[in-house]
>>> print(open('structure-v6.txt').read())   # compact mmCIF, C-alpha atoms
# COMPACT_ATOMS: atom_id res chain seq x y z
CA MET A 12 -23.89 -10.23 12.36
CA ARG A 13 -24.49 -6.49 12.11
CA GLU A 14 -20.73 -5.82 12.18
CA ILE A 15 -20.10 -8.35 9.39
CA LEU A 16 -22.87 -6.78 7.29
CA ARG A 17 -21.45 -3.30 7.85
CA ARG A 18 -17.94 -4.42 6.90
CA SER A 19 -19.27 -6.19 3.80
CA ILE A 20 -21.24 -3.15 2.59
CA THR A 21 -18.29 -0.83 3.16
CA GLY A 22 -15.94 -3.29 1.43
CA VAL A 23 -18.17 -3.56 -1.63
CA ILE A 24 -18.48 0.23 -1.93
CA TYR A 25 -14.70 0.59 -1.59
CA VAL A 26 -13.98 -2.02 -4.28
CA VAL A 27 -16.60 -0.59 -6.66
CA LEU A 28 -15.16 2.92 -6.19
CA LEU A 29 -11.62 1.71 -6.76
CA LEU A 30 -12.29 -0.41 -9.84
CA GLY A 31 -14.84 2.10 -11.13
CA THR A 32 -12.22 4.86 -11.32
CA VAL A 33 -9.70 2.46 -12.90
CA PHE A 34 -12.06 1.73 -15.78
CA LEU A 35 -13.64 5.20 -15.95
CA SER A 36 -10.49 7.13 -16.88
CA SER A 37 -6.87 7.63 -15.93
CA ASP A 38 -7.70 11.12 -14.62
CA ALA A 39 -10.34 9.69 -12.27
CA PHE A 40 -7.81 7.13 -11.01
CA ASP A 41 -5.17 9.84 -10.50
CA PHE A 42 -7.60 12.08 -8.62
CA LEU A 43 -8.83 9.25 -6.39
CA PHE A 44 -5.34 8.36 -5.21
CA MET A 45 -4.41 11.99 -4.74
CA VAL A 46 -7.40 12.24 -2.36
CA PHE A 47 -6.54 8.89 -0.74
CA GLY A 48 -3.03 10.19 -0.17
CA LEU A 49 -4.35 13.30 1.57
CA ALA A 50 -6.61 11.14 3.75
CA CYS A 51 -3.72 8.83 4.70
CA LEU A 52 -1.53 11.82 5.53
CA TYR A 53 -4.26 13.30 7.72
CA GLU A 54 -4.60 10.04 9.66
CA PHE A 55 -0.82 9.60 9.93
CA LYS A 56 -0.49 13.22 11.10
CA LYS A 57 -2.94 12.59 13.95
CA ILE A 58 -1.33 9.32 15.04
CA VAL A 59 2.23 10.68 15.21
CA ARG A 60 1.01 14.04 16.56
CA LEU A 61 2.53 16.10 13.78
CA LYS A 62 1.36 19.72 13.94
CA HIS A 63 0.74 22.15 11.09
CA TYR A 64 -0.26 21.32 7.55
CA TYR A 65 3.03 21.59 5.67
CA ILE A 66 2.92 17.90 4.76
CA PHE A 67 -0.20 18.44 2.67
CA VAL A 68 1.43 21.25 0.70
CA ALA A 69 4.62 19.20 0.20
CA TYR A 70 2.65 16.12 -0.88
CA LEU A 71 0.42 18.00 -3.34
CA ALA A 72 3.43 19.78 -4.83
CA LEU A 73 5.38 16.53 -5.16
CA TRP A 74 2.34 14.68 -6.55
CA TRP A 75 1.57 17.37 -9.14
CA VAL A 76 5.18 17.67 -10.29
CA PHE A 77 5.81 13.94 -10.69
CA ILE A 78 2.41 12.95 -12.06
CA TYR A 79 1.93 15.79 -14.55
CA LEU A 80 5.18 17.64 -15.15
CA ILE A 81 8.27 15.47 -14.79
CA GLN A 82 8.92 12.78 -17.38
CA ASP A 83 12.64 12.50 -16.69
CA SER A 84 13.37 8.91 -15.67
CA VAL A 85 16.44 9.98 -13.68
CA LEU A 86 14.40 12.29 -11.41
CA ILE A 87 11.70 9.64 -11.02
CA THR A 88 14.37 7.09 -10.09
CA ILE A 89 15.78 9.49 -7.48
CA LEU A 90 12.31 9.87 -5.92
CA MET A 91 11.86 6.10 -5.99
CA LEU A 92 15.20 5.51 -4.27
CA LEU A 93 14.42 8.15 -1.62
CA THR A 94 11.03 6.54 -0.97
CA ILE A 95 12.52 3.05 -0.73
CA THR A 96 15.30 4.33 1.55
CA VAL A 97 12.74 5.81 3.95
CA ASP A 98 10.74 2.55 3.81
CA LEU A 99 13.82 0.49 4.62
CA ALA A 100 14.66 2.81 7.52
CA LEU A 101 11.11 2.28 8.80
CA LEU A 102 11.68 -1.49 8.72
CA VAL A 103 14.58 -0.96 11.13
CA PHE A 104 12.11 0.93 13.33
CA LEU A 105 9.57 -1.90 12.94
CA PHE A 106 11.92 -4.65 14.11
CA SER A 107 13.75 -2.62 16.74
CA LYS A 108 12.89 -3.41 20.36
CA LYS A 109 14.13 -0.03 21.51
CA GLU A 110 11.73 2.88 21.89
CA LYS A 111 12.07 5.36 19.07
CA TYR A 112 11.03 9.00 19.22
CA PHE A 113 10.91 10.79 15.89
CA THR A 114 11.71 14.48 15.58
CA LYS A 115 9.34 16.81 13.74
CA LEU A 116 11.65 16.76 10.72
CA GLN A 117 11.76 12.95 10.71
CA LYS A 118 7.95 12.77 10.93
CA PHE A 119 7.73 15.21 8.02
CA ILE A 120 10.15 13.16 5.89
CA ILE A 121 8.34 9.90 6.74
CA ALA A 122 4.97 11.43 5.87
CA VAL A 123 6.13 12.85 2.54
CA PHE A 124 8.09 9.84 1.28
CA TYR A 125 6.53 6.80 2.99
CA ILE A 126 2.91 7.82 2.45
CA GLY A 127 3.18 10.56 -0.18
CA GLY A 128 5.79 8.72 -2.24
CA GLY A 129 3.87 5.45 -1.90
CA CYS A 130 0.69 7.03 -3.29
CA ILE A 131 2.63 8.71 -6.11
CA PHE A 132 4.21 5.44 -7.25
CA LEU A 133 0.93 3.61 -6.91
CA THR A 134 -0.48 6.20 -9.31
CA MET A 135 2.49 5.82 -11.67
CA ILE A 136 2.38 2.01 -11.93
CA PRO A 137 -0.33 1.65 -14.64
CA TYR A 138 1.33 4.06 -17.07
CA LYS A 139 3.42 2.77 -19.94
CA GLN A 140 4.38 5.55 -22.31
CA ASN A 141 0.99 7.13 -23.10
CA ASP A 142 -1.07 4.05 -22.28
CA PHE A 143 -2.99 3.37 -19.08
CA ALA A 144 -2.67 -0.32 -18.13
CA GLN A 145 -6.01 -0.86 -16.39
CA PHE A 146 -5.65 -4.61 -15.98
CA LEU A 147 -2.16 -4.30 -14.51
CA ILE A 148 -3.22 -2.02 -11.64
CA MET A 149 -6.42 -4.04 -11.17
CA GLY A 150 -4.24 -7.16 -10.92
CA ILE A 151 -2.12 -5.53 -8.21
CA PHE A 152 -5.25 -4.68 -6.22
CA ILE A 153 -6.45 -8.26 -6.63
CA LEU A 154 -3.14 -9.67 -5.37
CA ILE A 155 -3.34 -7.52 -2.22
CA TRP A 156 -6.99 -8.41 -1.61
CA VAL A 157 -6.41 -12.13 -2.17
CA ASN A 158 -3.44 -12.12 0.19
CA ASP A 159 -5.33 -10.19 2.90
CA THR A 160 -8.46 -12.35 2.60
CA PHE A 161 -6.76 -15.74 2.65
CA ALA A 162 -4.18 -14.72 5.26
CA TYR A 163 -7.16 -13.98 7.50
CA LEU A 164 -9.09 -17.15 6.61
CA VAL A 165 -6.11 -19.52 6.81
CA GLY A 166 -4.85 -17.85 9.97
CA ARG A 167 -8.23 -18.11 11.62
CA THR A 168 -8.59 -21.78 10.61
CA LEU A 169 -5.06 -23.15 10.88
CA GLY A 170 -3.07 -20.41 12.59
CA ARG A 171 -1.05 -21.51 15.60
CA THR A 172 2.30 -19.70 15.41
CA LYS A 173 2.27 -15.95 16.05
CA LEU A 174 4.01 -13.89 13.39
CA PHE A 175 4.81 -10.72 15.32
CA PRO A 176 2.85 -10.77 18.60
CA SER A 177 4.33 -7.57 20.03
CA VAL A 178 2.95 -5.57 17.10
CA SER A 179 0.02 -7.57 15.71
CA PRO A 180 -1.08 -10.40 18.06
CA LYS A 181 -3.68 -11.88 15.70
CA LYS A 182 -1.42 -12.46 12.70
CA THR A 183 0.11 -15.93 12.30
CA ILE A 184 2.85 -17.46 10.19
CA GLU A 185 0.37 -20.02 8.83
CA GLY A 186 -1.94 -17.22 7.74
CA SER A 187 0.89 -15.33 6.04
CA VAL A 188 2.01 -18.43 4.14
CA GLY A 189 -1.58 -19.18 3.15
CA GLY A 190 -2.03 -15.63 1.86
CA LEU A 191 1.13 -15.90 -0.23
CA ILE A 192 0.12 -19.27 -1.73
CA PHE A 193 -3.30 -17.99 -2.78
CA ALA A 194 -1.77 -14.77 -4.12
CA LEU A 195 0.55 -16.87 -6.31
CA ILE A 196 -2.48 -18.82 -7.55
CA ALA A 197 -4.16 -15.50 -8.35
CA ALA A 198 -1.00 -14.37 -10.17
CA TYR A 199 -1.11 -17.55 -12.28
CA ILE A 200 -4.69 -16.75 -13.29
CA LEU A 201 -3.90 -13.07 -13.94
CA ALA A 202 -1.06 -14.07 -16.27
CA MET A 203 -3.67 -15.59 -18.59
CA TYR A 204 -5.44 -12.24 -19.01
CA GLU A 205 -2.76 -9.58 -18.62
CA THR A 206 -0.12 -10.87 -21.02
CA ASN A 207 2.14 -7.81 -20.94
CA LEU A 208 3.81 -9.63 -18.06
CA THR A 209 4.97 -13.21 -18.32
CA LEU A 210 3.90 -15.86 -15.83
CA TRP A 211 7.29 -15.68 -14.11
CA GLU A 212 7.01 -11.88 -13.87
CA TRP A 213 3.52 -12.09 -12.38
CA MET A 214 4.75 -14.62 -9.83
CA THR A 215 7.72 -12.42 -8.92
CA LEU A 216 5.52 -9.33 -8.68
CA ALA A 217 3.03 -11.18 -6.48
CA SER A 218 5.80 -12.31 -4.11
CA VAL A 219 7.20 -8.78 -3.80
CA ILE A 220 3.76 -7.24 -3.26
CA VAL A 221 2.76 -9.81 -0.64
CA VAL A 222 6.00 -9.55 1.36
CA ALA A 223 6.22 -5.74 1.14
CA GLY A 224 2.49 -5.37 1.72
CA SER A 225 2.61 -7.55 4.83
CA LEU A 226 5.50 -5.48 6.19
CA GLY A 227 3.52 -2.31 5.47
CA ASP A 228 0.59 -3.71 7.40
CA LEU A 229 2.82 -4.51 10.39
CA LEU A 230 4.45 -1.08 10.19
CA GLU A 231 1.10 0.68 10.42
CA SER A 232 0.16 -1.59 13.32
CA LYS A 233 3.29 -0.52 15.19
CA PHE A 234 2.51 3.17 14.68
CA LYS A 235 -1.02 2.58 15.97
CA ARG A 236 0.17 0.51 18.92
CA ILE A 237 2.59 3.24 20.00
CA ALA A 238 -0.20 5.81 19.66
CA GLY A 239 -2.59 3.56 21.59
CA VAL A 240 -5.30 3.48 18.92
CA LYS A 241 -7.08 0.59 17.20
CA ASP A 242 -7.76 2.24 13.83
CA SER A 243 -6.16 5.10 11.92
CA GLY A 244 -9.60 6.68 11.43
CA ALA A 245 -13.30 6.00 11.21
CA ILE A 246 -14.21 7.08 7.69
CA LEU A 247 -14.85 3.48 6.56
CA PRO A 248 -17.45 1.85 8.84
CA GLY A 249 -16.18 -1.52 10.04
CA HIS A 250 -12.78 -1.02 8.42
CA GLY A 251 -11.33 2.02 10.17
CA GLY A 252 -9.52 4.67 8.16
CA ILE A 253 -8.18 5.03 4.64
CA TRP A 254 -4.66 4.29 5.87
CA ASP A 255 -5.96 1.04 7.39
CA ARG A 256 -7.12 -0.03 3.92
CA LEU A 257 -4.09 1.23 1.99
CA ASP A 258 -1.21 0.46 4.38
CA SER A 259 -0.14 -2.59 2.35
CA LEU A 260 -0.45 -0.87 -1.05
CA VAL A 261 1.28 2.33 0.03
CA PHE A 262 4.33 0.49 1.36
CA ALA A 263 4.48 -2.03 -1.49
CA ALA A 264 4.01 0.50 -4.34
CA PRO A 265 7.64 1.75 -4.75
CA PHE A 266 8.96 -1.83 -4.59
CA ALA A 267 6.40 -2.94 -7.18
CA TYR A 268 7.37 0.02 -9.35
CA LEU A 269 11.04 -0.95 -9.05
CA VAL A 270 10.29 -4.56 -10.03
CA LEU A 271 8.22 -3.43 -13.01
CA ASN A 272 11.09 -1.18 -14.09
CA ILE A 273 13.40 -4.17 -13.91
CA PHE A 274 10.91 -5.97 -16.16
CA SER A 275 11.13 -2.91 -18.47
CA TYR A 276 7.37 -2.51 -18.21
CA VAL A 277 6.97 0.91 -16.63
CA SER A 278 8.40 3.75 -18.67
>>> encode(input="structure-v6.txt", output="structure tokens")
Amino acid sequence: MREILRRSITGVIYVVLLLGTVFLSSDAFDFLFMVFGLACLYEFKKIVRLKHYYIFVAYLALWWVFIYLIQDSVLITILMLLTITVDLALLVFLFSKKEKYFTKLQKFIIAVFYIGGGCIFLTMIPYKQNDFAQFLIMGIFILIWVNDTFAYLVGRTLGRTKLFPSVSPKKTIEGSVGGLIFALIAAYILAMYETNLTLWEWMTLASVIVVAGSLGDLLESKFKRIAGVKDSGAILPGHGGIWDRLDSLVFAAPFAYLVLNIFSYVS
């Protein structure tokens, strides 16, 4: 009971902080995810045993340049394609049964593009020209939370078939399907309030976010399993680290950004 209470209190504070910055100002939102990115990089750095602090300098430089300086869509597209390429390479690592040892350079590239790039594109998503689409980014958070919550509840109630036991023994196919179904229901409801996207676009976005987010969750689990740790950190009582909370969003962000570009929503 005490553990459930601790997780609930931490979860409420996390959600209030997240949504509070979204509706406070775009600068507050930008700053929060810059800090979240640094926290994720710190946790990733410890898990993969990456020495030195060059990744923080590279991330901050990349974040500052692409959030505040560069408006060129070609350069942003190049960064997006590099980030997605690294993510796809990590999926090969995820599903490979062979042991993989990353070099220092590979760890650096993964840190900068997988985590750094993910946080940058998560920050970019709500911007359309000079507007800050609060309800769009809030909707994306809701889709992730709904999927995570109902994947857990359905999996715990009806789950029988293991999804990926070698990486995450508790996740089930039934839970994953249940999370997707409820996320699509949430997308249907969101389409009534955030009308800049059509119902079909919300449904497509939800599907991409759920699939990519679930893969991101499994990917983090594999990194942790190789490192022999349960959580990426302990900053969030009952929830682990910041990377534990953002693994789905960080991996899904560049794919969501790509989909929104296809919808001609993100400038």
>>> residues_around(input="structure-v6.txt", residues="Met214 of chain A", least_positions_apart="6", cutoff="8 Å", atoms="all atoms listed in the file", output="list in words")
Leu195, Ala198 and Tyr199 of chain A
>>> axis_aligned_box(input="structure-v6.txt", around="segment 109-118 of chain A", padding_each_side="3 Å", output="AutoDock Vina command-line options")
--center_x 11.0 --center_y 8.4 --center_z 16.3 --size_x 12.2 --size_y 22.8 --size_z 17.2
>>> closest_residue(input="structure-v6.txt", among="A:Ala202, A:Leu147, A:Ser232, A:Met135", to="Ser179 of chain A", atoms="all atoms listed in the file")
A:Ser232
>>> closest_residue(input="structure-v6.txt", among="A:Ile237, A:Val27, A:Leu216, A:Val97", to="Tyr125 of chain A", atoms="all atoms listed in the file")
A:Val97
>>> atom_distance(input="structure-v6.txt", atom1="atom CA of Gly31 of chain A", atom2="atom CA of Phe262 of chain A")
22.9 Å
>>> residues_around(input="structure-v6.txt", residues="Lys173 of chain A", least_positions_apart="6", cutoff="12 Å", atoms="all atoms listed in the file", output="ChimeraX atom specification")
/A:166-167,179-187
>>> atom_distance(input="structure-v6.txt", atom1="atom CA of Gly48 of chain A", atom2="atom CA of Tyr64 of chain A")
13.8 Å
>>> closest_residue(input="structure-v6.txt", among="A:Ala144, A:Ile95, A:Ile196, A:Leu191", to="Tyr163 of chain A", atoms="only C-alpha atoms")
A:Leu191
>>> closest_residue(input="structure-v6.txt", among="A:Met91, A:Ile220, A:Leu52, A:Val26", to="Ile253 of chain A", atoms="only C-alpha atoms")
A:Leu52
>>> atom_distance(input="structure-v6.txt", atom1="atom CA of Lys56 of chain A", atom2="atom CA of Ile87 of chain A")
25.5 Å
>>> closest_atom_pairs(input="structure-v6.txt", of="segment 178-262 of chain A", to="segment 101-112 of chain A", cutoff="8 Å", atoms="all atoms listed in the file", output="Markdown table")
| residue | atom | partner | partner_atom | distance |
| --- | --- | --- | --- | --- |
| A:Leu226 | CA | A:Leu102 | CA | 7.8 |
| A:Leu229 | CA | A:Leu105 | CA | 7.7 |
| A:Leu230 | CA | A:Leu105 | CA | 5.9 |
| A:Lys233 | CA | A:Leu105 | CA | 6.8 |
>>> decode(input="structure-v6.txt", residues="segment 75-150 of chain A", atoms="C-alpha atoms", output="short mmCIF file (atom, residue, chain, number, x, y, z; two decimals), in the first residue's frame")
data_model
loop_
_atom_site.label_atom_id
_atom_site.label_comp_id
_atom_site.auth_asym_id
_atom_site.auth_seq_id
_atom_site.Cartn_x
_atom_site.Cartn_y
_atom_site.Cartn_z
CA TRP A 75 20.22 25.51 -28.51
CA VAL A 76 20.97 25.65 -32.23
CA PHE A 77 17.86 23.78 -33.36
CA ILE A 78 15.40 25.23 -30.85
CA TYR A 79 16.45 28.87 -31.03
CA LEU A 80 18.65 29.51 -34.05
CA ILE A 81 17.91 27.24 -37.00
CA GLN A 82 14.63 27.68 -38.86
CA ASP A 83 15.81 26.01 -42.06
CA SER A 84 13.50 23.06 -42.73
CA VAL A 85 16.23 21.25 -44.70
CA LEU A 86 18.63 21.22 -41.72
CA ILE A 87 15.83 20.17 -39.38
CA THR A 88 14.91 17.35 -41.76
CA ILE A 89 18.55 16.20 -41.82
CA LEU A 90 18.60 16.07 -38.01
CA MET A 91 15.29 14.20 -38.02
CA LEU A 92 16.58 11.63 -40.52
CA LEU A 93 19.80 11.15 -38.53
CA THR A 94 17.79 10.65 -35.34
CA ILE A 95 15.43 8.17 -36.99
CA THR A 96 18.37 6.32 -38.56
CA VAL A 97 20.00 5.87 -35.14
CA ASP A 98 16.64 4.74 -33.71
CA LEU A 99 16.20 2.16 -36.47
CA ALA A 100 19.74 0.90 -35.90
CA LEU A 101 18.87 0.51 -32.21
CA LEU A 102 15.87 -1.62 -33.18
CA VAL A 103 18.28 -4.01 -34.88
CA PHE A 104 20.17 -4.10 -31.58
CA LEU A 105 16.91 -4.66 -29.70
CA PHE A 106 15.85 -7.71 -31.72
CA SER A 107 19.31 -9.18 -32.20
CA LYS A 108 20.11 -12.27 -30.14
CA LYS A 109 23.83 -11.68 -30.49
CA GLU A 110 25.73 -9.77 -27.82
CA LYS A 111 26.57 -6.26 -28.91
CA TYR A 112 29.37 -4.14 -27.51
CA PHE A 113 29.25 -0.47 -28.45
CA THR A 114 32.41 1.57 -28.91
CA LYS A 115 32.79 4.92 -27.16
CA LEU A 116 31.99 6.70 -30.42
CA GLN A 117 28.85 4.61 -30.94
CA LYS A 118 27.70 5.33 -27.37
CA PHE A 119 28.30 9.04 -27.99
CA ILE A 120 26.29 9.00 -31.24
CA ILE A 121 23.45 7.02 -29.61
CA ALA A 122 23.33 9.42 -26.66
CA VAL A 123 23.28 12.55 -28.83
CA PHE A 124 20.74 11.40 -31.42
CA TYR A 125 18.57 8.80 -29.67
CA ILE A 126 18.12 10.72 -26.43
CA GLY A 127 19.23 14.24 -27.38
CA GLY A 128 17.49 14.20 -30.75
CA GLY A 129 14.37 12.66 -29.20
CA CYS A 130 14.11 15.46 -26.63
CA ILE A 131 14.74 18.11 -29.29
CA PHE A 132 11.94 16.84 -31.53
CA LEU A 133 9.62 16.43 -28.57
CA THR A 134 10.24 20.12 -27.89
CA MET A 135 9.67 21.02 -31.55
CA ILE A 136 6.34 19.19 -31.95
CA PRO A 137 3.98 21.86 -30.52
CA TYR A 138 5.32 24.68 -32.70
CA LYS A 139 3.50 25.73 -35.83
CA GLN A 140 4.97 28.87 -37.31
CA ASN A 141 4.93 31.25 -34.30
CA ASP A 142 2.16 29.46 -32.43
CA PHE A 143 2.54 27.03 -29.54
CA ALA A 144 0.01 24.19 -29.88
CA GLN A 145 -0.58 23.38 -26.21
CA PHE A 146 -3.41 20.92 -26.79
CA LEU A 147 -1.44 19.00 -29.42
CA ILE A 148 1.50 18.23 -27.13
CA MET A 149 -0.89 17.59 -24.23
CA GLY A 150 -2.73 15.14 -26.48
#
